[in-house]
file entry25.cif (mmCIF, C-alpha atoms)
data_start
loop_
_atom_site.label_atom_id
_atom_site.label_comp_id
_atom_site.auth_asym_id
_atom_site.auth_seq_id
_atom_site.Cartn_x
_atom_site.Cartn_y
_atom_site.Cartn_z
CA ILE A 7 0.00 0.00 0.00
CA VAL A 8 1.42 3.37 -1.01
CA ASN A 9 0.99 6.21 1.50
CA VAL A 10 0.58 9.46 -0.41
CA GLU A 11 1.89 12.62 1.27
CA VAL A 12 0.70 15.90 -0.22
CA TRP A 13 3.16 18.75 0.35
CA HIS A 14 2.69 22.43 -0.39
CA TYR A 15 5.61 24.74 -1.07
CA GLN A 16 4.15 27.61 0.98
CA GLN A 17 3.57 25.65 4.17
CA GLY A 18 5.66 26.95 7.06
CA LYS A 19 6.66 23.50 8.24
CA LEU A 20 7.86 20.66 6.08
CA TYR A 21 5.51 17.70 6.16
CA THR A 22 8.05 15.57 8.02
CA GLN A 23 8.32 18.24 10.71
CA GLN A 24 4.51 18.44 10.96
CA GLU A 25 4.42 14.70 11.61
CA LEU A 26 7.16 14.99 14.24
CA ASP A 27 5.40 17.85 16.08
CA ALA A 28 1.84 16.52 15.72
CA GLU A 29 1.56 15.08 19.24
CA ASP A 30 2.94 18.23 20.89
CA ASP A 31 0.68 20.45 18.78
CA GLU A 32 -2.39 18.50 19.88
CA LYS A 33 -1.48 19.06 23.54
CA LYS A 34 -0.70 22.77 23.14
CA SER A 35 -1.80 24.92 26.08
CA TYR A 36 -2.10 28.70 26.47
CA ASP A 37 -1.59 31.03 29.42
CA VAL A 38 -4.56 32.81 30.94
CA VAL A 39 -5.08 35.24 33.82
CA TYR A 40 -7.93 34.75 36.29
CA TYR A 41 -9.28 37.64 38.40
CA PRO A 42 -11.18 36.16 41.40
CA GLU A 43 -12.79 39.47 42.40
CA THR A 44 -14.60 39.82 39.10
CA ASP A 45 -14.58 36.13 38.12
CA LYS A 46 -12.95 37.19 34.87
CA VAL A 47 -10.65 35.07 32.69
CA ILE A 48 -8.30 36.71 30.18
CA GLN A 49 -6.64 34.49 27.59
CA LEU A 50 -3.20 35.87 26.77
CA GLN A 51 -2.20 33.39 24.04
CA ASN A 52 -3.84 31.72 21.09
CA GLU A 53 -2.90 29.79 17.95
CA ASP A 54 -1.84 32.97 16.17
CA MET A 55 0.16 34.17 19.18
CA PRO A 56 1.75 31.01 20.60
CA ASP A 57 4.73 32.45 22.50
CA LEU A 58 4.39 34.54 25.66
CA ARG A 59 6.90 35.83 28.18
CA MET A 60 6.20 37.53 31.51
CA ASP A 61 8.48 39.26 34.01
CA LYS A 62 10.08 37.08 36.67
CA LYS A 63 7.66 38.08 39.44
CA ARG A 64 4.65 38.19 37.11
CA GLN A 65 3.64 41.57 38.48
CA SER A 66 4.13 43.75 35.42
CA GLN A 67 1.18 45.40 33.66
CA TYR A 68 2.40 44.02 30.35
CA ALA A 69 3.61 40.73 28.94
CA LEU A 70 5.65 40.08 25.84
CA ALA A 71 4.21 37.97 23.03
CA TYR A 72 5.70 37.10 19.67
CA SER A 73 4.93 34.93 16.70
CA ASP A 74 7.16 33.51 13.98
CA LEU A 75 4.26 31.91 12.07
CA PRO A 76 4.24 34.44 9.17
CA TYR A 77 7.93 33.70 8.57
CA LYS A 78 8.07 29.99 9.38
CA LEU A 79 8.96 29.08 5.80
CA HIS A 80 12.21 31.07 6.14
CA GLU A 81 13.57 28.42 8.50
CA THR A 82 14.02 26.18 5.47
CA TRP A 83 16.92 28.25 4.13
CA GLN A 84 17.80 30.66 6.99
CA GLY A 85 17.74 28.18 9.83
CA TYR A 86 15.52 30.54 11.83
CA ALA A 87 12.35 32.59 11.38
CA GLU A 88 11.80 36.27 12.11
CA ARG A 89 9.26 37.30 14.75
CA ASP A 90 6.43 39.80 15.04
CA VAL A 91 6.55 41.26 18.56
CA TYR A 92 3.53 42.35 20.61
CA LYS A 93 2.84 43.96 23.97
CA VAL A 94 -0.02 42.31 25.86
CA ASP A 95 -2.04 44.13 28.53
CA ILE A 96 -2.51 41.64 31.37
CA ALA A 97 -5.71 43.35 32.56
CA THR A 98 -7.55 43.31 29.24
CA GLY A 99 -5.69 40.88 27.00
CA GLN A 100 -5.33 43.62 24.39
CA LYS A 101 -2.35 43.14 22.08
CA SER A 102 -0.32 46.01 20.58
CA LEU A 103 2.17 45.52 17.78
CA VAL A 104 5.70 46.54 18.77
CA ALA A 105 7.77 45.46 15.75
CA THR A 106 7.55 43.20 12.71
CA ALA A 107 10.06 40.73 11.24
CA VAL A 108 12.49 41.06 14.15
CA HIS A 109 15.82 39.26 13.66
CA GLY A 110 16.36 38.43 17.30
CA ARG A 111 14.88 37.07 20.52
CA PRO A 112 12.84 39.72 22.39
CA GLN A 113 12.92 39.77 26.19
CA LEU A 114 11.32 41.72 29.04
CA SER A 115 13.21 43.91 31.48
CA PRO A 116 12.78 42.84 35.16
CA GLU A 117 9.71 45.01 35.85
CA GLY A 118 8.34 44.82 32.32
CA LYS A 119 9.02 48.48 31.53
CA PHE A 120 11.00 47.60 28.41
CA ILE A 121 10.83 44.98 25.68
CA PHE A 122 14.35 44.68 24.33
CA TRP A 123 16.21 42.67 21.73
CA TYR A 124 19.39 42.48 19.69
CA SER A 125 18.73 42.90 15.97
CA SER A 126 21.30 40.69 14.29
CA ILE A 127 20.54 42.04 10.80
CA ASP A 128 21.92 45.49 11.70
CA SER A 129 23.93 44.69 14.86
CA THR A 130 21.99 46.97 17.21
CA TRP A 131 20.34 46.75 20.62
CA LEU A 132 16.80 48.15 20.73
CA ALA A 133 14.40 48.83 23.58
CA HIS A 134 10.65 49.48 23.43
CA ASN A 135 9.19 51.47 26.32
CA THR A 136 5.92 49.74 27.24
CA LEU A 137 4.56 52.90 28.90
CA ASN A 138 5.03 55.46 26.10
CA ASN A 139 5.26 52.95 23.20
CA GLN A 140 8.54 54.39 21.90
CA THR A 141 11.22 52.14 20.43
CA THR A 142 14.79 53.39 20.73
CA ILE A 143 18.16 52.21 19.43
CA ILE A 144 20.22 52.01 22.61
CA GLY A 145 23.41 50.51 21.20
CA ASP A 146 24.79 50.46 17.67
CA SER A 147 28.08 50.51 15.75
CA ASN A 148 28.48 54.25 16.37
CA ILE A 149 29.24 53.32 19.99
CA THR A 150 31.09 50.04 19.54
CA SER A 151 30.65 46.70 17.79
CA PHE A 152 28.17 44.74 19.87
CA ALA A 153 28.30 41.94 17.28
CA ASP A 154 30.56 38.91 17.56
CA GLU A 155 33.69 40.13 15.79
CA LEU A 156 34.97 36.57 15.27
CA HIS A 157 31.82 35.37 13.51
CA ASP A 158 32.83 33.57 10.30
CA ALA A 159 29.66 31.76 9.18
CA PRO A 160 27.32 32.71 6.31
CA SER A 161 24.78 34.28 8.66
CA TYR A 162 24.29 37.45 10.67
CA PRO A 163 26.61 37.60 13.72
CA ARG A 164 25.09 37.24 17.16
CA SER A 165 25.58 39.71 19.96
CA ASN A 166 28.19 39.30 22.68
CA GLY A 167 25.37 39.13 25.21
CA PHE A 168 24.32 41.37 28.06
CA ALA A 169 24.64 41.54 31.84
CA GLY A 170 21.21 42.86 32.85
CA TRP A 171 19.38 45.99 34.01
CA THR A 172 19.89 48.49 36.79
CA GLU A 173 17.02 49.65 39.00
CA ASP A 174 16.97 53.05 37.28
CA GLN A 175 16.33 51.28 33.96
CA GLN A 176 19.79 51.32 32.43
CA PHE A 177 21.03 48.38 30.40
CA LEU A 178 24.43 46.66 30.56
CA ALA A 179 25.61 45.03 27.31
CA TYR A 180 28.91 43.55 26.10
CA ASP A 181 31.12 44.15 23.12
CA ARG A 182 34.01 41.76 22.44
CA TYR A 183 35.96 42.95 25.47
CA ASP A 184 34.07 45.44 27.59
CA VAL A 185 30.95 46.11 29.63
CA TRP A 186 28.84 49.05 28.41
CA LEU A 187 26.16 50.99 30.26
CA LEU A 188 23.36 51.99 27.86
CA ASP A 189 20.47 54.32 28.67
CA PRO A 190 17.18 53.73 26.76
CA SER A 191 16.05 57.27 27.59
CA HIS A 192 19.21 59.16 26.62
CA THR A 193 21.35 57.34 24.08
CA ALA A 194 24.09 59.98 24.37
CA ASN A 195 24.77 58.75 27.91
CA SER A 196 26.34 55.47 26.74
CA LYS A 197 29.38 54.69 28.87
CA ARG A 198 32.13 52.08 28.74
CA LEU A 199 32.68 50.69 32.25
CA THR A 200 35.83 48.63 31.63
CA ASN A 201 39.01 49.09 29.59
CA GLY A 202 39.60 45.65 28.16
CA ARG A 203 39.95 46.41 24.46
CA GLU A 204 43.25 48.22 24.89
CA ASN A 205 44.86 45.10 26.38
CA GLN A 206 42.71 42.45 24.66
CA ILE A 207 41.19 41.40 27.99
CA ARG A 208 37.54 40.34 28.01
CA TYR A 209 35.45 41.35 31.03
CA ARG A 210 32.09 39.84 31.96
CA HIS A 211 29.79 40.55 34.90
CA ILE A 212 29.34 37.75 37.48
CA GLU A 213 25.95 37.38 39.14
CA LEU A 214 26.40 36.39 42.79
CA ASP A 215 22.72 36.42 43.81
CA GLU A 216 20.27 34.77 41.42
CA ASP A 217 17.34 36.33 43.28
CA GLU A 218 18.52 39.88 42.61
CA GLU A 219 16.61 41.36 39.69
CA PHE A 220 18.85 44.38 39.19
CA ILE A 221 22.56 45.14 39.02
CA ASP A 222 23.49 47.55 41.78
CA LEU A 223 25.96 50.14 40.45
CA GLU A 224 26.47 51.48 43.98
CA GLU A 225 28.30 48.27 44.86
CA ASN A 226 31.60 46.99 43.49
CA MET A 227 30.96 44.71 40.53
CA LEU A 228 32.65 41.31 40.34
CA LEU A 229 33.98 40.57 36.86
CA HIS A 230 35.40 37.53 35.15
CA LEU A 231 38.39 38.30 32.93
CA PHE A 232 40.01 36.42 30.06
CA ASP A 233 43.24 37.52 28.43
CA GLU A 234 43.17 36.73 24.70
CA LYS A 235 46.95 37.18 24.39
CA ASP A 236 48.11 34.43 26.75
CA LYS A 237 44.73 32.71 27.49
CA SER A 238 45.02 33.35 31.23
CA SER A 239 41.91 34.17 33.22
CA GLY A 240 40.84 35.43 36.62
CA PHE A 241 38.64 37.85 38.50
CA ALA A 242 38.53 41.62 38.94
CA TYR A 243 36.44 44.22 40.73
CA LEU A 244 34.96 47.31 39.12
CA ASP A 245 34.51 50.30 41.43
CA ASN A 246 31.62 52.12 39.76
CA GLN A 247 32.25 55.27 41.77
CA SER A 248 35.84 55.75 40.59
CA GLY A 249 35.61 53.71 37.39
CA LYS A 250 38.70 51.74 38.39
CA VAL A 251 39.05 48.04 37.53
CA THR A 252 41.26 46.09 39.96
CA THR A 253 42.46 42.60 39.10
CA VAL A 254 42.45 40.34 42.18
CA VAL A 255 43.30 36.96 40.57
CA LYS A 256 44.92 36.17 37.20
CA ASN A 257 46.69 32.90 36.43
CA ASP A 258 47.47 30.48 33.60
CA VAL A 259 44.34 28.44 34.32
CA TYR A 260 40.69 28.84 33.43
CA TYR A 261 38.47 30.15 36.19
CA THR A 262 34.78 29.47 35.70
CA THR A 263 32.36 32.33 35.06
CA ARG A 264 29.95 30.77 37.57
CA VAL A 265 30.75 31.84 41.12
CA HIS A 266 28.41 30.72 43.90
CA LYS A 267 28.15 32.85 47.05
CA ALA A 268 26.78 31.87 50.44
CA LYS A 269 23.64 33.77 51.40
CA ASN A 270 24.80 35.23 54.73
CA THR A 271 28.61 35.20 54.52
CA ASN A 272 31.37 36.17 52.09
CA ASP A 273 32.18 32.54 51.31
CA ILE A 274 32.23 31.65 47.61
CA MET A 275 32.80 28.55 45.52
CA TYR A 276 34.12 28.24 41.97
CA THR A 277 36.26 25.97 39.80
CA LYS A 278 39.58 26.40 38.04
CA SER A 279 41.04 24.09 35.44
CA SER A 280 43.45 23.60 32.54
CA PHE A 281 44.28 20.84 30.06
CA GLN A 282 46.22 19.16 32.87
CA ILE A 283 44.07 20.14 35.86
CA PHE A 284 40.56 18.82 36.44
CA PRO A 285 37.99 21.59 37.21
CA ASN A 286 38.19 21.13 40.97
CA LEU A 287 36.01 23.00 43.45
CA ILE A 288 37.66 25.90 45.24
CA HIS A 289 36.33 27.39 48.49
CA ASP A 290 37.35 31.02 48.89
CA LYS A 291 36.37 34.45 50.21
CA LEU A 292 35.01 37.33 48.15
CA ASP A 293 38.42 38.99 48.18
CA PHE A 294 39.95 35.73 46.81
CA SER A 295 42.46 35.70 49.66
CA LYS A 296 41.91 32.17 51.04
CA PRO A 297 41.50 29.64 48.20
CA ILE A 298 41.14 26.07 49.46
CA GLN A 299 40.77 23.15 47.06
CA ILE A 300 38.02 20.86 48.32
CA SER A 301 37.80 18.24 45.55
#
call {"tool": "encode", "arguments": {"input": "entry25.cif", "output": "structure tokens"}}
result
Amino acid sequence: IVNVEVWHYQQGKLYTQQELDAEDDEKKSYDVVYYPETDKVIQLQNEDMPDLRMDKKRQSQYALAYSDLPYKLHETWQGYAERDVYKVDIATGQKSLVATAVHGRPQLSPEGKFIFWYSSIDSTWLAHNTLNNQTTIIGDSNITSFADELHDAPSYPRSNGFAGWTEDQQFLAYDRYDVWLLDPSHTANSKRLTNGRENQIRYRHIELDEDEEFIDLEENMLLHLFDEKDKSSGFAYLDNQSGKVTTVVKNDVYYTTRVHKAKNTNDIMYTKSSFQIFPNLIHDKLDFSKPIQIS
């Protein structure tokens, strides 16, 4: 018996992919909000708007929704599909278009005040203010190259990533070497916080408390460093008041970018390794003065 499969060249998914996803598609669920006081249910997603993101505490007035369905066919030759981005009012379920055909992955700032994304097609960071509905370029090539400078594939280069947001709604992003402070309200206030490019040293912010939503610029910032010249690595502190970066550890080993801190003390744990040394656990203090190998 011959099984005939009818394909159409304009379908977003290849027939084989439709078969593979059929069971998941049948079980698809959508987020809703229920208001007990009014016994009201608001559906935030549907078949045309399948992807939804909310802030971490789910207390923002707005959610982020996006859909790649109009561009699904592009995955066949691009490897990815663009996205139409929407702002969703949690109280009413009303959806407002933010941007079309976005080459990137939109995200929400911690309190939902901004929808932001890196546009790989033009190597820029953009932020959409959910309160006044204005979209602003907050980081582009006029400031520095936020794109991966070593990208050598036939595709648009990705960003170097970002560190997060401050409580006063400023955004920390990376170029190849440095940490940049970008202001969605005043783009002229862009500021480079580290000086890694001059010495080919890459600096990256280390998050010590996963529960903290914002980066506190009043406190010294712990940074991971990697020297591209000799491949050594280590840790440094950035004093945001003076702008000075102080290296506290730098050796011919690889220190992990994941540092775990105790909740109520200055005890930390991390790993260091090389081609000869297994990534053993190190118990230390925040000033890196008492490293003890414990594995």
call {"tool": "resolve_selection", "arguments": {"input": "entry25.cif", "expression": "the PyMOL selection byres ((chain A and resi 79) around 9)", "output": "list of chain:residue names"}}
result
A:Tyr15, A:Gln16, A:Gln17, A:Gly18, A:Lys19, A:Leu20, A:Leu75, A:Pro76, A:Tyr77, A:Lys78, A:His80, A:Glu81, A:Thr82, A:Trp83, A:Ala87
call {"tool": "atom_distance", "arguments": {"input": "entry25.cif", "atom1": "CA of Asn201 (chain A)", "atom2": "CA of Trp186 (chain A)"}}
result
10.2 Å
call {"tool": "closest_residue", "arguments": {"input": "entry25.cif", "among": "A:Gly170, A:Gly99, A:Pro112, A:Gly85", "to": "Lys46 (chain A)", "atoms": "only C-alpha atoms"}}
result
A:Gly99
call {"tool": "residues_near_point", "arguments": {"input": "entry25.cif", "point": "(-1.1, 44.6, 23.1)", "cutoff": "10 Å", "atoms": "only C-alpha atoms", "output": "list in words"}}
result
Leu50, Tyr68, Ala69, Leu70, Ala71, Val91, Tyr92, Lys93, Val94, Asp95, Ile96, Thr98, Gly99, Gln100, Lys101, Ser102, Leu103, Val104 and Thr136 of chain A
call {"tool": "write_last_selection", "arguments": {"input": "entry25.cif", "atoms": "C-alpha atoms", "output": "compact mmCIF listing (two decimals), in the frame of the given file"}}
result
# COMPACT_ATOMS: atom_id res chain seq x y z
CA LEU A 50 -3.20 35.87 26.77
CA TYR A 68 2.40 44.02 30.35
CA ALA A 69 3.61 40.73 28.94
CA LEU A 70 5.65 40.08 25.84
CA ALA A 71 4.21 37.97 23.03
CA VAL A 91 6.55 41.26 18.56
CA TYR A 92 3.53 42.35 20.61
CA LYS A 93 2.84 43.96 23.97
CA VAL A 94 -0.02 42.31 25.86
CA ASP A 95 -2.04 44.13 28.53
CA ILE A 96 -2.51 41.64 31.37
CA THR A 98 -7.55 43.31 29.24
CA GLY A 99 -5.69 40.88 27.00
CA GLN A 100 -5.33 43.62 24.39
CA LYS A 101 -2.35 43.14 22.08
CA SER A 102 -0.32 46.01 20.58
CA LEU A 103 2.17 45.52 17.78
CA VAL A 104 5.70 46.54 18.77
CA THR A 136 5.92 49.74 27.24
call {"tool": "resolve_selection", "arguments": {"input": "entry25.cif", "expression": "the PyMOL selection byres ((chain A and resi 214) around 8)", "output": "list in words"}}
result
Ile212, Glu213, Asp215, Glu216, Val265, His266 and Lys267 of chain A
call {"tool": "closest_residue", "arguments": {"input": "entry25.cif", "among": "A:Arg164, A:Lys278, A:His211, A:Lys63", "to": "Leu187 (chain A)", "atoms": "all atoms listed in the file"}}
result
A:His211
call {"tool": "resolve_selection", "arguments": {"input": "entry25.cif", "expression": "the PyMOL selection byres ((chain A and resi 124) around 12)", "output": "PyMOL selection string"}}
result
chain A and resi 108-113+121-123+125-134+142-146+152-154+162-168+179-180
call {"tool": "write_last_selection", "arguments": {"input": "entry25.cif", "atoms": "C-alpha atoms", "output": "CSV table (one decimal), keeping the file's coordinate frame"}}
result
chain,number,residue,atom,x,y,z
A,108,VAL,CA,12.5,41.1,14.2
A,109,HIS,CA,15.8,39.3,13.7
A,110,GLY,CA,16.4,38.4,17.3
A,111,ARG,CA,14.9,37.1,20.5
A,112,PRO,CA,12.8,39.7,22.4
A,113,GLN,CA,12.9,39.8,26.2
A,121,ILE,CA,10.8,45.0,25.7
A,122,PHE,CA,14.4,44.7,24.3
A,123,TRP,CA,16.2,42.7,21.7
A,125,SER,CA,18.7,42.9,16.0
A,126,SER,CA,21.3,40.7,14.3
A,127,ILE,CA,20.5,42.0,10.8
A,128,ASP,CA,21.9,45.5,11.7
A,129,SER,CA,23.9,44.7,14.9
A,130,THR,CA,22.0,47.0,17.2
A,131,TRP,CA,20.3,46.8,20.6
A,132,LEU,CA,16.8,48.2,20.7
A,133,ALA,CA,14.4,48.8,23.6
A,134,HIS,CA,10.6,49.5,23.4
A,142,THR,CA,14.8,53.4,20.7
A,143,ILE,CA,18.2,52.2,19.4
A,144,ILE,CA,20.2,52.0,22.6
A,145,GLY,CA,23.4,50.5,21.2
A,146,ASP,CA,24.8,50.5,17.7
A,152,PHE,CA,28.2,44.7,19.9
A,153,ALA,CA,28.3,41.9,17.3
A,154,ASP,CA,30.6,38.9,17.6
A,162,TYR,CA,24.3,37.4,10.7
A,163,PRO,CA,26.6,37.6,13.7
A,164,ARG,CA,25.1,37.2,17.2
A,165,SER,CA,25.6,39.7,20.0
A,166,ASN,CA,28.2,39.3,22.7
A,167,GLY,CA,25.4,39.1,25.2
A,168,PHE,CA,24.3,41.4,28.1
A,179,ALA,CA,25.6,45.0,27.3
A,180,TYR,CA,28.9,43.6,26.1
call {"tool": "atom_distance", "arguments": {"input": "entry25.cif", "atom1": "CA of Asp61 (chain A)", "atom2": "CA of Asp181 (chain A)"}}
result
25.6 Å
call {"tool": "closest_residue", "arguments": {"input": "entry25.cif", "among": "A:Leu199, A:Ala159, A:Leu287, A:Ile221", "to": "Gly249 (chain A)", "atoms": "only C-alpha atoms"}}
result
A:Leu199
call {"tool": "atom_distance", "arguments": {"input": "entry25.cif", "atom1": "CA of Gln24 (chain A)", "atom2": "CA of Pro56 (chain A)"}}
result
16.1 Å
